[in-house]
Each structure stands twice: as structure tokens, then as C-alpha cells.
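A.B. asks: Contents are compact mmCIF, C-alpha atoms; file name run25.txt:
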# COMPACT_ATOMS: atom_id res chain seq x y z
CA MET X 1 -88.14 -186.48 -136.14
CA PRO X 2 -88.35 -182.80 -135.17
CA LYS X 3 -85.26 -181.32 -133.61
CA ILE X 4 -84.77 -179.01 -130.71
CA LYS X 5 -82.93 -175.83 -131.68
CA SER X 6 -81.32 -173.97 -128.84
CA GLU X 7 -78.81 -171.28 -128.03
CA GLU X 8 -78.21 -173.05 -124.71
CA VAL X 9 -75.29 -175.35 -125.36
CA GLY X 10 -75.00 -177.06 -121.95
CA GLU X 11 -72.69 -180.06 -121.62
CA PHE X 12 -72.84 -180.81 -125.34
CA TYR X 13 -72.22 -184.54 -125.18
CA GLN X 14 -73.86 -184.96 -128.60
CA HIS X 15 -70.52 -185.26 -130.39
CA TYR X 16 -69.45 -188.23 -128.30
CA PRO X 17 -68.41 -191.08 -128.14
CA LYS X 18 -64.71 -190.30 -128.22
CA VAL X 19 -61.84 -192.74 -128.01
CA ALA X 20 -60.61 -192.43 -124.43
CA ALA X 21 -56.99 -191.35 -124.25
CA VAL X 22 -54.66 -191.47 -121.28
CA LEU X 23 -52.42 -188.42 -121.31
CA THR X 24 -49.09 -189.12 -119.58
CA VAL X 25 -46.25 -186.87 -118.53
CA ASN X 26 -42.99 -186.99 -116.60
CA ALA X 27 -41.09 -183.90 -115.52
CA GLY X 28 -37.86 -184.88 -113.80
CA GLY X 29 -39.45 -187.81 -112.00
CA LYS X 30 -42.76 -186.12 -111.19
CA ARG X 31 -45.17 -188.05 -113.32
CA ASN X 32 -48.86 -188.16 -113.91
CA ALA X 33 -51.60 -189.69 -116.01
CA MET X 34 -55.03 -188.25 -116.75
CA ALA X 35 -57.99 -189.26 -118.90
CA ALA X 36 -58.59 -187.05 -121.94
CA ALA X 37 -61.61 -187.14 -124.22
CA TRP X 38 -60.92 -183.97 -126.20
CA HIS X 39 -58.03 -184.82 -128.48
CA SER X 40 -57.34 -185.20 -132.19
CA ALA X 41 -54.71 -185.54 -134.84
CA ILE X 42 -54.35 -182.17 -136.57
CA SER X 43 -51.61 -182.63 -139.21
CA PHE X 44 -50.06 -185.48 -141.21
CA LYS X 45 -46.76 -183.81 -142.11
CA PRO X 46 -45.35 -183.20 -139.64
CA PRO X 47 -47.51 -185.54 -137.54
CA LEU X 48 -49.14 -183.29 -134.94
CA TYR X 49 -51.57 -184.19 -132.20
CA GLY X 50 -53.66 -181.88 -130.04
CA VAL X 51 -55.28 -182.38 -126.63
CA ALA X 52 -57.38 -179.98 -124.57
CA VAL X 53 -56.25 -179.68 -120.93
CA ALA X 54 -57.62 -177.42 -118.20
CA PRO X 55 -54.77 -175.10 -117.18
CA LYS X 56 -55.22 -175.78 -113.45
CA ARG X 57 -54.40 -179.45 -114.00
CA PHE X 58 -51.20 -180.85 -112.48
CA THR X 59 -50.62 -182.60 -115.82
CA TYR X 60 -50.56 -179.24 -117.59
CA GLN X 61 -47.87 -177.91 -115.24
CA LEU X 62 -45.78 -181.01 -115.90
CA ILE X 63 -46.21 -180.62 -119.68
CA LEU X 64 -44.99 -177.02 -119.48
CA GLU X 65 -42.00 -178.15 -117.40
CA SER X 66 -41.00 -181.14 -119.51
CA LYS X 67 -42.20 -179.94 -122.96
CA GLU X 68 -43.35 -183.50 -123.61
CA PHE X 69 -46.46 -185.65 -123.30
CA GLY X 70 -47.69 -189.11 -124.18
CA ILE X 71 -51.05 -190.16 -125.64
CA ASN X 72 -52.02 -193.74 -124.79
CA PHE X 73 -54.93 -195.86 -126.00
CA VAL X 74 -56.01 -198.88 -123.95
CA PRO X 75 -58.35 -201.75 -124.84
CA PHE X 76 -61.86 -201.94 -123.42
CA GLU X 77 -60.69 -204.67 -121.04
CA ALA X 78 -58.59 -201.94 -119.38
CA ALA X 79 -61.30 -199.24 -119.37
CA GLU X 80 -61.16 -199.22 -115.56
CA LEU X 81 -57.62 -197.86 -115.82
CA VAL X 82 -58.97 -194.84 -117.72
CA ALA X 83 -61.73 -194.35 -115.15
CA SER X 84 -59.18 -194.61 -112.33
CA VAL X 85 -56.78 -191.99 -113.64
CA GLY X 86 -59.74 -189.88 -114.77
CA GLY X 87 -61.39 -189.92 -111.37
CA SER X 88 -58.49 -188.82 -109.19
CA GLY X 89 -55.98 -186.00 -108.84
CA GLY X 90 -52.25 -186.59 -109.28
CA LYS X 91 -50.67 -183.77 -107.34
CA GLU X 92 -50.68 -185.50 -103.97
CA ILE X 93 -50.43 -189.14 -105.03
CA ASP X 94 -48.54 -191.04 -107.71
CA LYS X 95 -51.31 -192.66 -109.73
CA PHE X 96 -48.90 -195.18 -111.22
CA ILE X 97 -48.31 -196.55 -107.73
CA LYS X 98 -51.85 -196.10 -106.43
CA PHE X 99 -53.44 -197.92 -109.35
CA ASP X 100 -50.51 -200.26 -110.02
CA ILE X 101 -50.07 -199.07 -113.60
CA ALA X 102 -47.26 -200.77 -115.51
CA GLU X 103 -45.00 -198.72 -117.77
CA GLU X 104 -42.81 -199.43 -120.75
CA LYS X 105 -39.70 -197.70 -121.91
CA SER X 106 -40.21 -194.70 -124.16
CA LEU X 107 -38.09 -194.22 -127.27
CA LYS X 108 -37.47 -190.51 -127.84
CA THR X 109 -38.84 -188.79 -124.72
CA SER X 110 -39.19 -189.52 -121.03
CA VAL X 111 -43.01 -189.81 -121.06
CA PRO X 112 -44.55 -192.90 -119.46
CA ILE X 113 -45.90 -195.38 -122.01
CA LEU X 114 -48.60 -197.62 -120.56
CA LYS X 115 -47.94 -201.32 -120.81
CA ASP X 116 -51.67 -201.87 -121.29
CA ALA X 117 -51.81 -199.52 -124.29
CA TYR X 118 -52.30 -201.06 -127.72
CA ALA X 119 -50.96 -197.82 -129.18
CA ALA X 120 -49.22 -194.72 -127.83
CA TYR X 121 -47.66 -191.56 -129.18
CA GLU X 122 -44.65 -189.79 -127.72
CA CYS X 123 -45.04 -186.06 -128.35
CA LYS X 124 -42.77 -183.03 -128.08
CA LEU X 125 -44.65 -179.86 -127.22
CA VAL X 126 -44.83 -177.41 -130.11
CA ASP X 127 -47.63 -175.06 -129.01
CA ASN X 128 -50.02 -174.35 -126.16
CA ARG X 129 -52.83 -171.93 -126.78
CA THR X 130 -55.68 -170.97 -124.46
CA TYR X 131 -59.19 -171.29 -125.86
CA GLY X 132 -61.87 -170.53 -123.30
CA ASP X 133 -61.47 -172.68 -120.19
CA HIS X 134 -58.95 -175.13 -121.68
CA VAL X 135 -55.52 -175.00 -123.28
CA TRP X 136 -55.07 -176.63 -126.66
CA VAL X 137 -51.78 -178.46 -126.25
CA VAL X 138 -50.13 -179.43 -129.55
CA GLY X 139 -47.27 -181.89 -129.86
CA GLU X 140 -45.27 -183.39 -132.67
CA ILE X 141 -45.41 -187.16 -132.61
CA VAL X 142 -41.77 -188.23 -132.47
CA ALA X 143 -42.35 -191.93 -131.80
CA VAL X 144 -45.20 -194.41 -132.10
CA HIS X 145 -45.73 -197.59 -130.10
CA PHE X 146 -48.28 -200.17 -131.21
CA ILE X 147 -49.12 -203.83 -131.12
CA ASP X 148 -48.76 -204.89 -134.73
CA ASP X 149 -51.27 -207.73 -134.33
CA VAL X 150 -54.20 -205.39 -133.65
CA LEU X 151 -53.83 -203.46 -136.90
CA THR X 152 -55.00 -204.47 -140.36
CA SER X 153 -52.73 -204.30 -143.40
CA LYS X 154 -54.22 -200.82 -144.04
CA GLY X 155 -53.11 -199.61 -140.60
CA THR X 156 -56.61 -199.38 -139.16
CA LEU X 157 -57.66 -201.15 -135.96
CA ASP X 158 -58.52 -204.81 -136.46
CA LEU X 159 -61.74 -205.00 -134.47
CA ASP X 160 -61.68 -208.78 -134.51
CA ARG X 161 -58.57 -208.55 -132.35
CA LEU X 162 -59.11 -205.37 -130.39
CA LYS X 163 -61.92 -203.48 -128.69
CA PRO X 164 -61.05 -199.80 -128.29
CA THR X 165 -62.29 -197.90 -125.23
CA LEU X 166 -64.84 -195.25 -126.12
CA TYR X 167 -66.11 -192.59 -123.74
CA LEU X 168 -69.77 -191.67 -124.06
CA GLY X 169 -69.74 -188.86 -121.47
CA ALA X 170 -71.07 -188.74 -117.88
CA GLU X 171 -68.71 -191.59 -116.84
CA PHE X 172 -70.13 -194.09 -119.34
CA TYR X 173 -67.69 -196.22 -121.33
CA MET X 174 -68.30 -198.55 -124.22
CA THR X 175 -66.77 -200.12 -127.31
CA THR X 176 -67.37 -200.70 -131.01
CA ASP X 177 -69.55 -203.20 -132.83
CA ARG X 178 -67.12 -205.20 -134.93
CA GLU X 179 -69.95 -206.71 -136.96
CA SER X 180 -70.93 -203.30 -138.26
CA VAL X 181 -67.78 -202.43 -140.26
CA ARG X 182 -68.51 -201.33 -143.84
CA LEU X 183 -66.19 -200.15 -146.60
CA LEU X 184 -67.73 -197.04 -148.18
CA ASP X 185 -65.16 -196.17 -150.81
CA ARG X 186 -64.97 -192.81 -152.49
CA ASN X 187 -64.96 -194.27 -155.99
CA THR X 188 -68.42 -195.65 -155.38
CA TYR X 189 -69.99 -193.15 -153.01
CA GLY X 190 -68.24 -189.95 -154.11
CA ARG X 191 -69.43 -190.36 -157.69
CA ARG X 192 -73.00 -191.49 -157.30
CA MET D 193 -47.85 -208.71 -126.46
CA PRO D 194 -44.64 -206.98 -127.54
CA LYS D 195 -45.05 -203.61 -129.19
CA ILE D 196 -43.38 -202.10 -132.17
CA LYS D 197 -41.63 -198.82 -131.34
CA SER D 198 -40.96 -196.59 -134.27
CA GLU D 199 -40.00 -193.07 -135.23
CA GLU D 200 -41.88 -193.60 -138.50
CA VAL D 201 -45.35 -192.30 -137.83
CA GLY D 202 -47.01 -193.05 -141.18
CA GLU D 203 -50.80 -192.67 -141.46
CA PHE D 204 -51.28 -193.10 -137.71
CA TYR D 205 -54.78 -194.53 -137.75
CA GLN D 206 -54.21 -196.04 -134.27
CA HIS D 207 -56.19 -193.28 -132.55
CA TYR D 208 -59.33 -194.01 -134.57
CA PRO D 209 -62.29 -194.64 -134.63
CA LYS D 210 -63.58 -191.08 -134.66
CA VAL D 211 -67.17 -189.93 -134.84
CA ALA D 212 -67.62 -188.85 -138.46
CA ALA D 213 -68.62 -185.20 -138.74
CA VAL D 214 -69.99 -183.38 -141.75
CA LEU D 215 -68.59 -179.87 -141.88
CA THR D 216 -70.97 -177.48 -143.64
CA VAL D 217 -70.57 -173.91 -144.81
CA ASN D 218 -72.43 -171.27 -146.79
CA ALA D 219 -70.82 -168.05 -148.02
CA GLY D 220 -73.38 -165.90 -149.75
CA GLY D 221 -75.09 -168.84 -151.41
CA LYS D 222 -71.92 -170.79 -152.24
CA ARG D 223 -72.26 -173.77 -150.01
CA ASN D 224 -70.39 -176.96 -149.35
CA ALA D 225 -70.19 -180.05 -147.13
CA MET D 226 -67.15 -182.17 -146.37
CA ALA D 227 -66.42 -185.14 -144.14
CA ALA D 228 -64.16 -184.39 -141.18
CA ALA D 229 -62.59 -186.91 -138.83
CA TRP D 230 -60.22 -184.59 -136.98
CA HIS D 231 -62.43 -182.51 -134.73
CA SER D 232 -63.05 -182.00 -131.02
CA ALA D 233 -64.68 -179.85 -128.40
CA ILE D 234 -61.97 -177.71 -126.81
CA SER D 235 -63.76 -175.53 -124.20
CA PHE D 236 -66.95 -175.64 -122.12
CA LYS D 237 -67.25 -171.92 -121.36
CA PRO D 238 -67.53 -170.49 -123.87
CA PRO D 239 -68.41 -173.64 -125.84
CA LEU D 240 -65.70 -173.93 -128.49
CA TYR D 241 -65.23 -176.56 -131.16
CA GLY D 242 -62.20 -177.19 -133.36
CA VAL D 243 -61.84 -178.95 -136.71
CA ALA D 244 -58.74 -179.54 -138.81
CA VAL D 245 -59.15 -178.55 -142.47
CA ALA D 246 -56.57 -178.61 -145.25
CA PRO D 247 -56.12 -174.99 -146.41
CA LYS D 248 -56.53 -175.87 -150.09
CA ARG D 249 -60.07 -177.07 -149.44
CA PHE D 250 -62.97 -175.14 -150.98
CA THR D 251 -64.69 -175.46 -147.59
CA TYR D 252 -61.84 -173.59 -145.94
CA GLN D 253 -62.18 -170.68 -148.38
CA LEU D 254 -65.90 -170.50 -147.65
CA ILE D 255 -65.26 -170.54 -143.88
CA LEU D 256 -62.86 -167.62 -144.23
CA GLU D 257 -65.43 -165.75 -146.32
CA SER D 258 -68.45 -166.38 -144.12
CA LYS D 259 -66.74 -166.67 -140.70
CA GLU D 260 -69.14 -169.49 -139.90
CA PHE D 261 -69.33 -173.27 -140.09
CA GLY D 262 -71.60 -176.12 -139.07
CA ILE D 263 -70.70 -179.48 -137.51
CA ASN D 264 -73.25 -182.22 -138.22
CA PHE D 265 -73.50 -185.77 -136.88
CA VAL D 266 -75.53 -188.34 -138.80
CA PRO D 267 -76.72 -191.81 -137.77
CA PHE D 268 -75.06 -194.94 -139.12
CA GLU D 269 -78.05 -195.46 -141.43
CA ALA D 270 -76.86 -192.30 -143.22
CA ALA D 271 -73.14 -193.19 -143.26
CA GLU D 272 -73.27 -193.18 -147.07
CA LEU D 273 -73.98 -189.45 -146.93
CA VAL D 274 -70.66 -188.95 -145.12
CA ALA D 275 -68.84 -191.13 -147.64
CA SER D 276 -70.46 -189.19 -150.50
CA VAL D 277 -69.48 -185.72 -149.33
CA GLY D 278 -66.11 -187.09 -148.21
CA GLY D 279 -65.34 -188.63 -151.58
CA SER D 280 -65.99 -185.66 -153.86
CA GLY D 281 -64.93 -182.05 -154.35
CA GLY D 282 -67.39 -179.19 -153.95
CA LYS D 283 -65.86 -176.42 -156.02
CA GLU D 284 -67.38 -177.44 -159.33
CA ILE D 285 -70.58 -179.10 -158.17
CA ASP D 286 -73.14 -178.41 -155.44
CA LYS D 287 -73.01 -181.55 -153.31
CA PHE D 288 -76.40 -180.77 -151.79
CA ILE D 289 -77.95 -181.11 -155.24
CA LYS D 290 -75.72 -183.94 -156.48
CA PHE D 291 -76.37 -186.13 -153.47
CA ASP D 292 -79.90 -184.87 -152.79
CA ILE D 293 -79.04 -183.74 -149.25
CA ALA D 294 -81.92 -182.18 -147.34
CA GLU D 295 -81.32 -179.12 -145.18
CA GLU D 296 -83.02 -177.53 -142.21
CA LYS D 297 -83.16 -173.92 -141.19
CA SER D 298 -80.31 -172.71 -139.04
CA LEU D 299 -80.96 -170.55 -136.00
CA LYS D 300 -78.10 -168.07 -135.55
CA THR D 301 -75.99 -168.41 -138.70
CA SER D 302 -76.48 -169.23 -142.36
CA VAL D 303 -74.74 -172.62 -142.24
CA PRO D 304 -76.57 -175.61 -143.72
CA ILE D 305 -77.92 -177.98 -141.06
CA LEU D 306 -78.42 -181.51 -142.37
CA LYS D 307 -81.92 -182.86 -142.02
CA ASP D 308 -80.42 -186.32 -141.46
CA ALA D 309 -78.29 -185.10 -138.52
CA TYR D 310 -79.28 -186.20 -135.02
CA ALA D 311 -77.20 -183.30 -133.70
CA ALA D 312 -75.51 -180.26 -135.19
CA TYR D 313 -73.61 -177.21 -134.00
CA GLU D 314 -73.72 -173.76 -135.57
CA CYS D 315 -70.34 -172.11 -135.05
CA LYS D 316 -68.96 -168.61 -135.47
CA LEU D 317 -65.29 -168.56 -136.40
CA VAL D 318 -63.04 -167.33 -133.59
CA ASP D 319 -59.60 -168.52 -134.72
CA ASN D 320 -57.78 -170.27 -137.55
CA ARG D 321 -54.24 -171.37 -136.97
CA THR D 322 -51.99 -173.35 -139.25
CA TYR D 323 -50.39 -176.47 -137.77
CA GLY D 324 -48.38 -178.44 -140.31
CA ASP D 325 -50.47 -179.31 -143.38
CA HIS D 326 -53.85 -178.41 -141.83
CA VAL D 327 -55.50 -175.37 -140.31
CA TRP D 328 -57.07 -175.74 -136.88
CA VAL D 329 -60.36 -173.92 -137.29
CA VAL D 330 -61.99 -172.92 -133.99
CA GLY D 331 -65.58 -171.76 -133.65
CA GLU D 332 -67.85 -170.76 -130.83
CA ILE D 333 -71.00 -172.87 -130.76
CA VAL D 334 -73.82 -170.35 -130.93
CA ALA D 335 -76.67 -172.81 -131.46
CA VAL D 336 -77.27 -176.54 -131.02
CA HIS D 337 -79.73 -178.72 -132.90
CA PHE D 338 -80.56 -182.20 -131.65
CA ILE D 339 -83.25 -184.84 -131.60
CA ASP D 340 -84.25 -184.97 -127.96
CA ASP D 341 -85.36 -188.61 -128.21
CA VAL D 342 -81.84 -189.89 -128.92
CA LEU D 343 -80.32 -188.45 -125.74
CA THR D 344 -80.51 -189.86 -122.22
CA SER D 345 -81.49 -187.73 -119.23
CA LYS D 346 -77.75 -187.14 -118.69
CA GLY D 347 -77.37 -185.68 -122.19
CA THR D 348 -75.35 -188.59 -123.58
CA LEU D 349 -76.36 -190.53 -126.69
CA ASP D 350 -79.01 -193.16 -126.05
CA LEU D 351 -77.53 -196.07 -127.97
CA ASP D 352 -80.77 -198.00 -127.80
CA ARG D 353 -82.25 -195.31 -130.03
CA LEU D 354 -79.30 -194.16 -132.09
CA LYS D 355 -76.25 -195.62 -133.80
CA PRO D 356 -73.58 -192.96 -134.35
CA THR D 357 -71.37 -193.11 -137.45
CA LEU D 358 -67.75 -193.86 -136.59
CA TYR D 359 -64.87 -193.63 -139.04
CA LEU D 360 -62.16 -196.24 -138.70
CA GLY D 361 -59.84 -194.84 -141.37
CA ALA D 362 -59.10 -196.03 -144.93
CA GLU D 363 -62.77 -195.55 -145.92
CA PHE D 364 -64.11 -197.99 -143.32
CA TYR D 365 -67.16 -196.96 -141.29
CA MET D 366 -68.79 -198.61 -138.30
CA THR D 367 -70.86 -198.02 -135.20
CA THR D 368 -70.96 -198.71 -131.48
CA ASP D 369 -71.91 -201.82 -129.52
CA ARG D 370 -74.85 -200.72 -127.39
CA GLU D 371 -74.61 -203.85 -125.26
CA SER D 372 -71.16 -202.84 -124.06
CA VAL D 373 -72.04 -199.64 -122.17
CA ARG D 374 -70.65 -199.54 -118.60
CA LEU D 375 -70.83 -196.87 -115.94
CA LEU D 376 -67.35 -196.48 -114.42
CA ASP D 377 -67.92 -193.75 -111.89
CA ARG D 378 -65.13 -191.75 -110.33
CA ASN D 379 -66.30 -192.41 -106.80
CA THR D 380 -65.66 -196.10 -107.28
CA TYR D 381 -62.75 -196.18 -109.70
CA GLY D 382 -60.94 -192.97 -108.75
CA ARG D 383 -60.62 -194.03 -105.13
CA ARG D 384 -59.72 -197.68 -105.41
Please render this file's structure as C-alpha cells.

C.D. replies:
Amino acid sequence: MPKIKSEEVGEFYQHYPKVAAVLTVNAGGKRNAMAAAWHSAISFKPPLYGVAVAPKRFTYQLILESKEFGINFVPFEAAELVASVGGSGGKEIDKFIKFDIAEEKSLKTSVPILKDAYAAYECKLVDNRTYGDHVWVVGEIVAVHFIDDVLTSKGTLDLDRLKPTLYLGAEFYMTTDRESVRLLDRNTYGRR
Amino acid sequence: MPKIKSEEVGEFYQHYPKVAAVLTVNAGGKRNAMAAAWHSAISFKPPLYGVAVAPKRFTYQLILESKEFGINFVPFEAAELVASVGGSGGKEIDKFIKFDIAEEKSLKTSVPILKDAYAAYECKLVDNRTYGDHVWVVGEIVAVHFIDDVLTSKGTLDLDRLKPTLYLGAEFYMTTDRESVRLLDRNTYGRR
């Protein structure tokens, strides 16, 4: 099929879907949660994780204050939680109360860990660097929380037991097709 | 379900699946393609895209030489292409020849655009910053290629017409469940 080639980038949703993350923070009792689609691991050793946050966000202020943040992943059954924290501001209201979000105890930081999360990372801020209209916030993962039952022996998600929440853009959410999983190993495909 | 809490981070595949990207580069005729899972948009204006690359990679050398890179997204039907370029080194062999990968003409750079890609970004290097064992390579998107038919009127992927390639970790690939798409709009869910 012919492609459109353009210098107009627009919303550039083409690289979606992205696993929806809930970014959490707590600075001396002021806490917040926001939805984040732009995030990624960026180093194995040490384990570093980055997330793009608009600098005007209340969450960003709290990250600068506390030097910590949490990255939480919730199952598709809890996608409404992501939409709730993503669709509201946290400066005037406490979203944890408004949306009745349950927390668990963190291990090495004071960041809120969502009870609904199947996995979460506690991060200590190591860098914050402005790129365009967002700040790339980088943290070292100092503790991991996960439900052991939803991972395979290789550490990947077991899609027979868990549906991750994916964000497609424009407020559309979705999940994976567990029937579609294929092993494409490098010994076979890298040497064709 | 009770969670495991650990300071041992390990491979941390919990934040997968990720859309599989093929990172392409061309420095004066030396070209390469590699699979990248750690990548994200990081700014709307200007449109910036980041990708984590290990500094020892041949691709990284070529990015530093050419100051350009391409980010390509291929449909699940072409997932083997991702596994092929991901499972082999490009210093000694030309992967485009070895794996018979078709290219299209780029618009604003000299990066290879994959004919199989439903969307691709041409990027000009704006920053490269070492974080742990990877370099966070940031480029400004100067041109976009996409098949118009696979996008909805809102610019998101039309999953009735396209299956994106997702990487689950540990050489497992998969795609989305098009039946699962839900609109969770902020007016409803942000104000509950």
C-alpha cells in the first residue's frame, strides 16, 4: 500500500499502543497519581526507568520535592483507574480519596504502590532533563513489586493469567491477544 | 493476590509488552537495522523521540556518524523481520541484503525506511546521553511515513485493519486484541 510522507508530524499516535502506567508520588504527605504513556526502561545495570512528564504537572513538582516516584501497571480489568487518574488534576483534590484507590506499603521509598497493580517499580530520581515540552524524568529502580503468579518462568507476563492495559491514544484502551504469542528465537530468525 | 516485594530487579520484563521498533541508520552507505524495545515519544512540540541503544552497537556508531536515525513499525505479519534484525549483528554483514529487506525513499534524511513498515519516523539527532549501560538517543522527528488506511480519523491505529507487533520479552512476540478496544473518556472517568 502506498504511504503518505509528510513533514507535518501532528499527534503522532502511530507508535502506540503503549502499556499504560500510573505514575505515583508522595512528598511529605502530598500525594498524586497520573497516567503516563511515554515511559521506558533505559538501562539494565543499574536498572533505570524514564518517564516523560509535562513540567507544569503537580506530579512533577512532587517528584522534584521528594526525589522519588513509582511506576505502576494495572490489569485491563482496572483500566478505568488509569482513565480516572489520567482525566483529572491532583492539585486541588486527593485522587486516592476521590477515586477510592487502595495502596500498599512501599519497600524502599515513600511512593504509593497501587493495590491493583500487578507490578510496580519504586524509583529514586537520578536525572530530570527538559526535552521540548516535557521533562524526561529518570529514576533508578530500587524495589520491584509483582504478583508472581502472572509471570512465566522466563519473567515475562503470562497472558493466560493477566491482561495488561494498553493505551491506543485519544482515550482508547485495549489489551493483548493471548492467542497470538509466538516465540521467534534469534538462533532461528537471526541466522536465516 | 499477595505481591512479592524485592530489591532484586533482575530482567524486569514486567513493564512489557512494548511495540517492537526497527531502528535504522545509514552513514555514507554503511547501513544497519536493529530491533529496539526501549523507545518512546518524549515531546509533542517539537516532536521528539527517544530510543535506548547500547553504546557498543554498530548502529550507535552509525548514528553518531550520520546524526540521523529512523524508527520503523511493522505489522505482526512481518514480526519475523524484527526477530531477524534483532537476532544478528550488522557490522560484518548487510542485514538488508541478508534478510532481503525492501526499502523506500526517505524524505528529509538518508535513513532507510522499511517498505514493510505501516509507519516510520525520520529523526535528526538532537542529544545522546549515557544512562547506565545504554545511551538515550533523542531525535527530532522531521518526517513521518504512514499508511493512511490503517489509522482512524483520530489518528490512532485502526486495529480492524492492522495488527501491530508487540514484544513480550525473552524473544516472544504477539499482537493486540482488536475486540477489546474501549473508549474511557476523561469527561466520564475523570469526574466520577

A.B. asks: Within 8 Å of stretch 327-330 of chain D, counting all atoms listed in the file, which residues show up once you throw out same-chain ones fewer than 5 positions away? Write them as a ChimeraX atom specification, please.

C.D. replies: /X:42 /D:240-247,317-322

A.B. asks: Applying 9 Å and all atoms listed in the file, which residues near X:Tyr173 remain after dropping the ones on its own chain fewer than 2 positions away? List them as a PyMOL selection string.

C.D. replies: (chain X and resi 17+20+76+79+83+165-171+175) or (chain D and resi 372-376)

A.B. asks: Which residues of stretch 195-253 of chain D come within 10 Å of stretch 150-161 of chain X, and what is each one's closest atom pair and distance in Å (one decimal), counting only C-alpha atoms, sorted by chain and residue number, as a Markdown table?

C.D. replies:
| residue | atom | partner | partner_atom | distance |
| --- | --- | --- | --- | --- |
| D:Gly202 | CA | X:Gly155 | CA | 9.0 |
| D:Glu203 | CA | X:Gly155 | CA | 7.4 |
| D:Phe204 | CA | X:Gly155 | CA | 7.4 |
| D:Tyr205 | CA | X:Thr156 | CA | 5.4 |
| D:Gln206 | CA | X:Thr156 | CA | 6.4 |
| D:His207 | CA | X:Leu157 | CA | 8.7 |
| D:Tyr208 | CA | X:Leu157 | CA | 7.5 |
| D:Pro209 | CA | X:Leu157 | CA | 8.1 |

A.B. asks: Find, counting all atoms listed in the file, the residue in D:Gln253, D:Ser258, D:Ser235, D:Asn224 that gets nearest to chain X.

C.D. replies: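 Answer, going by the shortest atom-to-atom distance: D:Ser235.
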
A.B. asks: Tell me which of X:Val9, X:Ile147, X:Val19, X:Ala36 sits closest to D:Glu314, counting all atoms listed in the file.

C.D. replies: X:Val9

A.B. asks: From the list D:Asp369, D:Asp341, D:Glu332, D:Glu257, which residue is nearest D:Phe236 when using all atoms listed in the file?

C.D. replies: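 For D:Phe236, the nearest of the given residues is D:Glu332.
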